[in-house]
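Input: a single structure, listed below in structure tokens.
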Amino acid sequence: MRQFKRIGVLTSGGDAPGMNAAVRGVVRSAIAAGVEVLGIYRGYSGLISGDIRPLSLRDVSNVVNKGGTFLYSDRCPEFKTEEGQKAAIENCKRFGIEGIIAIGGDGTFRGASALSKLGIPTIGIPATIDNDISSTDNTIGFDTAMNTVIDVVDKLRDTGESHARCNVVEVMGRGAGDIALNTAIATGATTAIVAEFPTDVDALLKKMENSRALGKRNFIVIISEAMGSDFGPMLNKRINDEAQIDSRFVRVGHIVRGGNPSLADRVRASRMGIFAVEKLLEGKSDLVVCERKDKLITSDIHYALVLDHYYKGIAKPEDLEGFTAEQIEAMKAHSAERRAHIEELYNMGNLISL
Ligand code: ADP
Ligand code: F6P
């Protein structure tokens with residue numbers, strides 16, 4: 001088995017609470033295995049420019065509880081180019097980086113896969129508040145983001161109840177309605193409106209009017225960012241004008257990307273960080289860490305990215321070329337299971353709301 005002397009760790013793409021805990025897991029477990037760790041700052045931008053410094057055991061003290069990422073993050077279009085990747089590989093040689101743990105979303109994994117193919121073994125760790133990486137049940141940051149949403153909505157509920165108002169609350173989730181679906185249940189919202197399910201606004205307005213007639217004072221309607229930026233203000237106007245319920249539109253935005261990570265995210269991130277190092281040191285590469293029914297497994301990055309497209313119904317026939325019939329069956333089964341899960345959340349939320 002290959003003996004690693006030095007590996008690198010980076011955070012990239014949209015930040016997510018718990019990224020720091022993952023970096024700490026990587027650094028502490030690698031050092032425990034006798035491997036040095038270099039922090040690559042600003043994601044792939046830092047790998048290209050050489051913004052790389054050693055991380056000691058003490059450098060990751062007091063970060064497990066912090067939101068954001070102390071390694072900073074970046075979107076780096078240059079890394080998608082051959083020249084960018086060449087510069088990154090040269091820096092890997094210059095700094096003696098023999099393997100990389102890349103923490104981020106699907107774009108970050110595409111970058112990780114490119115590095116693997118260029119000879120730098122790389123393992124991805126899923127971190128994004130959206131939970132839109134279909135190969136894992138949970139991504140780092142998702143739980144914290146949802147807890148922040150319920151905190152915000154509980155506050156809106158207080159003032160909504162005082163004034164007999166509705167709040168239409170838009171939450172992040174460009175690639176998935178998971179935040180909206182879960183937080184709608186947890187906040188007792190009238191409904192969650194997400195891109196995954198068709199919306200009958202007329203029926204919603206009727207439901208709200210009926211509930212108001214039964215004496216309901218305040219309403220919460222959670223909508224997912226994926227509905228588009230005009231949808232929330234439009235719905236808010238219709239609730240005011242047609243249902244005659246005083247309503248305010250609130251876009252929670254980046255607030256949910258910050259804040260101290262929840263217990264679940266701290267544990268998940270630490271566990272994934274340790275697991276990723278284990279896999280890298282075992283000689284594995286081009287893999288992403290996935291949580292399935294509370295167990296950590298790895299998935300080939302290409303498989304995970306195609307599975308994601310398959311689940312979202314955007315996989316092209318040529319994307320499936322090269323996969324065995326069993327692998328395609330597994331994608332189908334996994335997608336059906338995930339779809340059933342969000343359907344259950346959607347129906348449950350509607351059933352018990354007014
Ligand atoms: P996320 O990782 O949250 O999905 P992005 O999609 O912005 O965020 O991707 C993060 C970074 O990953 C990009 O800025 C780019 O540097 C790198 N990346 C994305 N796609 C590719 C690709 N196809 N090839 C190489 N690198 C990529
Ligand atoms: O992917 C996470 C996410 O927060 C999305 O929900 C949102 O659309 C996007 O990132 C915003 O990204 P930024 O403002 O960092 O470009």
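Residues are referred to by chain and number: the chain letter is A, B, ... according to the order shown in the structure tokens, the number counts from 1 in that chain, and ligands are numbered separately from 1 in the order shown.
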Considering only C-alpha atoms, return as a VMD selection string whatever protein or nucleic-acid residues lie within 10 Å of Ile133 in chain A, sequence-local ones (same chain, fewer than 5 positions apart) excluded. chain A and resid 105 to 106 126 to 128 138 to 139 175 to 176 290 304 to 305 307 to 309 311
Just the selected residues (C-alpha atoms), exported as a tab-separated table (two decimals), in the first residue's frame, please.
chain	number	residue	atom	x	y	z
A	105	GLY	CA	-20.83	20.20	-3.52
A	106	ASP	CA	-21.13	18.55	-6.92
A	126	PRO	CA	-20.45	16.40	0.63
A	127	ALA	CA	-21.06	19.80	2.23
A	128	THR	CA	-23.88	22.05	1.06
A	138	ASN	CA	-27.48	14.03	4.28
A	139	THR	CA	-24.93	16.69	3.41
A	175	GLY	CA	-31.12	22.23	-6.40
A	176	ALA	CA	-33.58	20.61	-3.99
A	290	CYS	CA	-21.93	9.19	1.29
A	304	ALA	CA	-22.61	9.84	-7.88
A	305	LEU	CA	-22.90	12.74	-10.35
A	307	LEU	CA	-27.06	9.25	-10.12
A	308	ASP	CA	-27.84	12.83	-9.12
A	309	HIS	CA	-28.90	13.68	-12.68
A	311	TYR	CA	-32.76	11.30	-9.74
Write out as a list in words the residues lying within 9 Å of range 257-260 of chain A, counting only C-alpha atoms and excluding same-chain residues fewer than 2 positions away. Gly14, Asp15, Ala16, Pro17, Gly18, Val64, Asn65, Lys66, Gly67, Gly68, Thr128, Ile129, Gly141, Thr144, Ala145, Thr148, Met172, Gly253, His254, Ile255 and Ser262 of chain A
Would you put the residues from that selection into a file with C-alpha atoms, as a short mmCIF file (atom, residue, chain, number, x, y, z; two decimals), in the first residue's frame?
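Written output follows (out.cif):
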data_model
loop_
_atom_site.label_atom_id
_atom_site.label_comp_id
_atom_site.auth_asym_id
_atom_site.auth_seq_id
_atom_site.Cartn_x
_atom_site.Cartn_y
_atom_site.Cartn_z
CA GLY A 14 -21.03 27.43 -1.39
CA ASP A 15 -19.96 27.26 2.24
CA ALA A 16 -21.90 25.20 4.77
CA PRO A 17 -21.87 25.09 8.59
CA GLY A 18 -19.81 22.08 9.63
CA VAL A 64 -15.53 22.60 15.52
CA ASN A 65 -18.19 25.04 16.74
CA LYS A 66 -17.76 27.71 14.07
CA GLY A 67 -19.82 28.32 10.92
CA GLY A 68 -18.25 29.34 7.61
CA THR A 128 -23.88 22.05 1.06
CA ILE A 129 -26.92 23.32 2.91
CA GLY A 141 -24.75 21.97 6.72
CA THR A 144 -27.95 23.51 10.70
CA ALA A 145 -29.60 25.43 7.86
CA THR A 148 -31.83 28.30 11.42
CA MET A 172 -32.58 28.48 -0.01
CA GLY A 253 -31.38 34.07 2.00
CA HIS A 254 -27.80 33.60 3.16
CA ILE A 255 -28.66 33.79 6.87
CA SER A 262 -25.77 21.87 14.92
#
Using DSSP on the backbone, list every residue of range 91-227 of chain A that comes out as strand (DSSP E or B), and give them as number ranges by chain. A: 100-104, 122-127, 140, 166-171, 191-193, 219-224
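Close contacts of Asp74 in chain A, defined as residues with an atom at most 7 Å away when counting only C-alpha atoms, with chain neighbours fewer than 4 positions off set aside, comprise Ser12, Gly13, Arg42, Gly43 and Ser45 of chain A.
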Skip Glu209 in chain A itself and residues of its chain fewer than 4 positions away, then list as a PyMOL selection string all residues within 7 Å of it, counting only C-alpha atoms. chain A and resi 205+213+243
Output file for the selection above: N, CA and C atoms, as an mmCIF file, in the first residue's frame:
data_model
loop_
_atom_site.group_PDB
_atom_site.id
_atom_site.type_symbol
_atom_site.label_atom_id
_atom_site.label_comp_id
_atom_site.auth_asym_id
_atom_site.auth_seq_id
_atom_site.Cartn_x
_atom_site.Cartn_y
_atom_site.Cartn_z
ATOM 1 N N LEU A 205 -55.108 29.032 -1.792
ATOM 2 C CA LEU A 205 -55.827 30.236 -1.344
ATOM 3 C C LEU A 205 -57.165 29.839 -0.708
ATOM 4 N N ALA A 213 -61.724 31.396 8.065
ATOM 5 C CA ALA A 213 -63.137 31.394 8.484
ATOM 6 C C ALA A 213 -63.319 30.572 9.762
ATOM 7 N N ALA A 243 -57.139 36.174 -1.235
ATOM 8 C CA ALA A 243 -57.621 35.514 -0.009
ATOM 9 C C ALA A 243 -57.943 36.554 1.065
#
At a cut-off of 6 Å and counting only C-alpha atoms and all ligand atoms, what residues surround ligand 1? Please answer as a VMD selection string. chain A and resid 12 to 14 44 75 to 77 79 to 80 104 to 108 110 to 111 114
Which of range 165-259 of chain A counts as alpha helix (DSSP H) under DSSP, as JSON, numbers by chain please? {"A": [178, 179, 180, 181, 182, 183, 184, 185, 186, 187, 201, 202, 203, 204, 205, 206, 207, 208, 209, 210, 211, 212, 213, 231, 232, 233, 234, 235, 236, 237, 238, 239, 240, 241]}
Given the selection you just returned, output its residues as a file containing N, CA, C and O atoms, formatted as a CSV table (one decimal), in the first residue's frame.
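The file below, out.csv, is the result:
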chain,number,residue,atom,x,y,z
A,178,ASP,N,-35.5,20.1,-0.2
A,178,ASP,CA,-35.4,19.4,1.1
A,178,ASP,C,-35.6,20.3,2.3
A,178,ASP,O,-36.2,20.0,3.3
A,179,ILE,N,-34.9,21.5,2.2
A,179,ILE,CA,-35.0,22.4,3.3
A,179,ILE,C,-36.4,22.9,3.5
A,179,ILE,O,-37.0,22.8,4.6
A,180,ALA,N,-37.1,23.2,2.4
A,180,ALA,CA,-38.5,23.7,2.5
A,180,ALA,C,-39.4,22.6,3.0
A,180,ALA,O,-40.3,22.9,3.9
A,181,LEU,N,-39.3,21.4,2.5
A,181,LEU,CA,-40.2,20.3,2.9
A,181,LEU,C,-40.1,20.0,4.4
A,181,LEU,O,-41.1,19.8,5.1
A,182,ASN,N,-38.9,19.9,4.9
A,182,ASN,CA,-38.7,19.5,6.3
A,182,ASN,C,-39.1,20.7,7.2
A,182,ASN,O,-39.8,20.4,8.2
A,183,THR,N,-38.7,21.9,6.9
A,183,THR,CA,-39.0,23.0,7.8
A,183,THR,C,-40.5,23.3,7.8
A,183,THR,O,-41.0,23.8,8.8
A,184,ALA,N,-41.2,23.1,6.7
A,184,ALA,CA,-42.6,23.3,6.7
A,184,ALA,C,-43.3,22.5,7.8
A,184,ALA,O,-44.2,22.9,8.5
A,185,ILE,N,-42.9,21.2,7.9
A,185,ILE,CA,-43.4,20.3,8.9
A,185,ILE,C,-43.1,20.8,10.3
A,185,ILE,O,-43.9,21.0,11.2
A,186,ALA,N,-41.8,21.2,10.4
A,186,ALA,CA,-41.3,21.6,11.8
A,186,ALA,C,-41.8,22.9,12.2
A,186,ALA,O,-41.8,23.2,13.4
A,187,THR,N,-42.3,23.7,11.3
A,187,THR,CA,-42.8,25.0,11.8
A,187,THR,C,-44.3,25.1,11.7
A,187,THR,O,-45.0,26.1,12.0
A,201,VAL,N,-52.1,27.0,-6.7
A,201,VAL,CA,-52.2,28.2,-5.9
A,201,VAL,C,-53.7,28.5,-5.6
A,201,VAL,O,-54.0,28.9,-4.4
A,202,ASP,N,-54.6,28.2,-6.5
A,202,ASP,CA,-56.0,28.5,-6.2
A,202,ASP,C,-56.5,27.6,-5.0
A,202,ASP,O,-57.2,28.1,-4.1
A,203,ALA,N,-56.1,26.3,-5.0
A,203,ALA,CA,-56.5,25.5,-3.9
A,203,ALA,C,-55.9,25.9,-2.6
A,203,ALA,O,-56.5,25.9,-1.6
A,204,LEU,N,-54.6,26.4,-2.7
A,204,LEU,CA,-54.0,26.9,-1.5
A,204,LEU,C,-54.8,28.1,-0.9
A,204,LEU,O,-55.0,28.2,0.3
A,205,LEU,N,-55.1,29.0,-1.8
A,205,LEU,CA,-55.8,30.2,-1.3
A,205,LEU,C,-57.2,29.8,-0.7
A,205,LEU,O,-57.6,30.4,0.3
A,206,LYS,N,-57.8,28.9,-1.3
A,206,LYS,CA,-59.1,28.4,-0.8
A,206,LYS,C,-58.9,27.8,0.6
A,206,LYS,O,-59.7,28.1,1.5
A,207,LYS,N,-57.9,27.0,0.7
A,207,LYS,CA,-57.6,26.3,2.0
A,207,LYS,C,-57.4,27.4,3.1
A,207,LYS,O,-57.9,27.3,4.2
A,208,MET,N,-56.6,28.4,2.7
A,208,MET,CA,-56.3,29.5,3.7
A,208,MET,C,-57.6,30.3,4.0
A,208,MET,O,-57.8,30.6,5.2
A,209,GLU,N,-58.4,30.6,3.0
A,209,GLU,CA,-59.7,31.3,3.3
A,209,GLU,C,-60.5,30.5,4.3
A,209,GLU,O,-61.1,31.0,5.2
A,210,ASN,N,-60.6,29.2,4.0
A,210,ASN,CA,-61.5,28.3,4.9
A,210,ASN,C,-60.9,28.3,6.3
A,210,ASN,O,-61.7,28.4,7.3
A,211,SER,N,-59.6,28.2,6.4
A,211,SER,CA,-59.0,28.2,7.8
A,211,SER,C,-59.2,29.5,8.5
A,211,SER,O,-59.4,29.5,9.7
A,212,ARG,N,-59.1,30.6,7.7
A,212,ARG,CA,-59.4,31.9,8.3
A,212,ARG,C,-60.8,32.0,8.8
A,212,ARG,O,-61.1,32.4,10.0
A,213,ALA,N,-61.7,31.4,8.1
A,213,ALA,CA,-63.1,31.4,8.5
A,213,ALA,C,-63.3,30.6,9.8
A,213,ALA,O,-64.2,30.8,10.6
A,231,PHE,N,-41.7,34.1,-7.8
A,231,PHE,CA,-42.8,33.4,-7.3
A,231,PHE,C,-43.3,33.8,-5.9
A,231,PHE,O,-44.5,34.0,-5.7
A,232,GLY,N,-42.4,34.0,-5.0
A,232,GLY,CA,-42.8,34.4,-3.6
A,232,GLY,C,-43.5,35.7,-3.6
A,232,GLY,O,-44.6,35.8,-3.0
A,233,PRO,N,-43.0,36.8,-4.2
A,233,PRO,CA,-43.7,38.1,-4.2
A,233,PRO,C,-45.1,37.9,-4.9
A,233,PRO,O,-46.1,38.5,-4.4
A,234,MET,N,-45.1,37.1,-5.9
A,234,MET,CA,-46.4,36.9,-6.6
A,234,MET,C,-47.5,36.2,-5.7
A,234,MET,O,-48.6,36.7,-5.6
A,235,LEU,N,-47.0,35.2,-5.0
A,235,LEU,CA,-47.9,34.4,-4.2
A,235,LEU,C,-48.4,35.4,-3.0
A,235,LEU,O,-49.5,35.4,-2.6
A,236,ASN,N,-47.4,36.1,-2.5
A,236,ASN,CA,-47.7,37.0,-1.4
A,236,ASN,C,-48.8,38.0,-1.8
A,236,ASN,O,-49.8,38.3,-1.0
A,237,LYS,N,-48.7,38.5,-3.0
A,237,LYS,CA,-49.7,39.5,-3.5
A,237,LYS,C,-51.1,38.8,-3.6
A,237,LYS,O,-52.1,39.4,-3.3
A,238,ARG,N,-51.1,37.6,-4.1
A,238,ARG,CA,-52.4,36.9,-4.3
A,238,ARG,C,-53.0,36.6,-3.0
A,238,ARG,O,-54.2,36.6,-2.8
A,239,ILE,N,-52.2,36.3,-2.0
A,239,ILE,CA,-52.8,36.0,-0.6
A,239,ILE,C,-53.4,37.3,-0.1
A,239,ILE,O,-54.5,37.3,0.5
A,240,ASN,N,-52.7,38.4,-0.3
A,240,ASN,CA,-53.3,39.7,0.1
A,240,ASN,C,-54.6,40.0,-0.7
A,240,ASN,O,-55.6,40.3,-0.1
A,241,ASP,N,-54.5,40.0,-2.0
A,241,ASP,CA,-55.5,40.5,-2.8
A,241,ASP,C,-56.7,39.5,-2.9
A,241,ASP,O,-57.9,40.0,-2.9
Distance query Val250 in chain A at most 7 Å, only C-alpha atoms, self and fewer than 2 positions along chain excluded, as a PyMOL selection string: chain A and resi 167-170+248+252
Residues within 12 Å of His163 in chain A, only C-alpha atoms, excluding chain neighbours under 3 positions, as a compact mmCIF listing (two decimals) with N, CA, C and O atoms, in the first residue's frame:
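This is the output file result_16.txt:
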# COMPACT_ATOMS: atom_id res chain seq x y z
N LEU A 156 -41.16 34.78 13.15
CA LEU A 156 -42.20 35.36 12.29
C LEU A 156 -43.58 34.97 12.81
O LEU A 156 -44.53 35.74 12.76
N ARG A 157 -43.68 33.75 13.30
CA ARG A 157 -44.96 33.25 13.82
C ARG A 157 -45.44 34.14 14.98
O ARG A 157 -46.62 34.44 15.09
N ASP A 158 -44.52 34.54 15.84
CA ASP A 158 -44.90 35.41 16.98
C ASP A 158 -45.60 36.67 16.49
O ASP A 158 -46.68 37.03 16.94
N THR A 159 -44.95 37.34 15.55
CA THR A 159 -45.53 38.62 15.10
C THR A 159 -46.75 38.37 14.20
O THR A 159 -47.72 39.13 14.22
N GLY A 160 -46.73 37.26 13.44
CA GLY A 160 -47.89 36.93 12.61
C GLY A 160 -49.13 36.68 13.45
O GLY A 160 -50.24 37.09 13.08
N CYS A 166 -50.13 36.49 7.47
CA CYS A 166 -49.42 35.37 6.84
C CYS A 166 -47.98 35.81 6.56
O CYS A 166 -47.74 36.99 6.32
N ASN A 167 -47.06 34.87 6.61
CA ASN A 167 -45.71 35.13 6.10
C ASN A 167 -45.39 34.11 5.02
O ASN A 167 -45.48 32.89 5.26
N LYS A 216 -58.43 30.76 12.20
CA LYS A 216 -56.96 30.73 12.20
C LYS A 216 -56.43 32.13 11.97
O LYS A 216 -56.79 32.81 11.01
N ARG A 217 -55.54 32.58 12.85
CA ARG A 217 -55.04 33.95 12.76
C ARG A 217 -53.81 34.06 11.84
O ARG A 217 -53.76 34.88 10.96
N ASN A 218 -52.80 33.21 12.09
CA ASN A 218 -51.57 33.39 11.29
C ASN A 218 -51.27 32.17 10.43
O ASN A 218 -51.64 31.05 10.76
N PHE A 219 -50.59 32.45 9.35
CA PHE A 219 -50.24 31.41 8.38
C PHE A 219 -48.76 31.53 8.04
O PHE A 219 -48.23 32.64 7.98
N ILE A 245 -55.99 38.03 3.06
CA ILE A 245 -55.23 37.81 4.31
C ILE A 245 -53.97 38.68 4.23
O ILE A 245 -53.22 38.58 3.25
N ASP A 246 -53.79 39.51 5.22
CA ASP A 246 -52.63 40.40 5.26
C ASP A 246 -51.37 39.52 5.26
O ASP A 246 -51.22 38.65 6.12
N SER A 247 -50.49 39.75 4.32
CA SER A 247 -49.34 38.85 4.19
C SER A 247 -48.05 39.62 3.92
O SER A 247 -48.07 40.68 3.28
N ARG A 248 -46.95 39.10 4.42
CA ARG A 248 -45.63 39.70 4.19
C ARG A 248 -44.71 38.64 3.60
O ARG A 248 -44.69 37.50 4.05
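Of the listed residues A:Ser353, A:Thr136, A:Ser229, A:Thr199, the one whose atoms come nearest to Ser335 in chain A is A:Thr136, with distances taken using only C-alpha atoms.
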Can you tell me, as a count of residues only, what residues are no more than 12 Å from range 86-94 of chain A when counting only C-alpha atoms, ignoring any on the same chain fewer than 5 positions away? 35
Using only C-alpha atoms and all ligand atoms, the shortest atom-to-atom distance to ligand 2 among A:Ile352, A:Val152, A:Ala226, A:Val63 belongs to A:Ala226
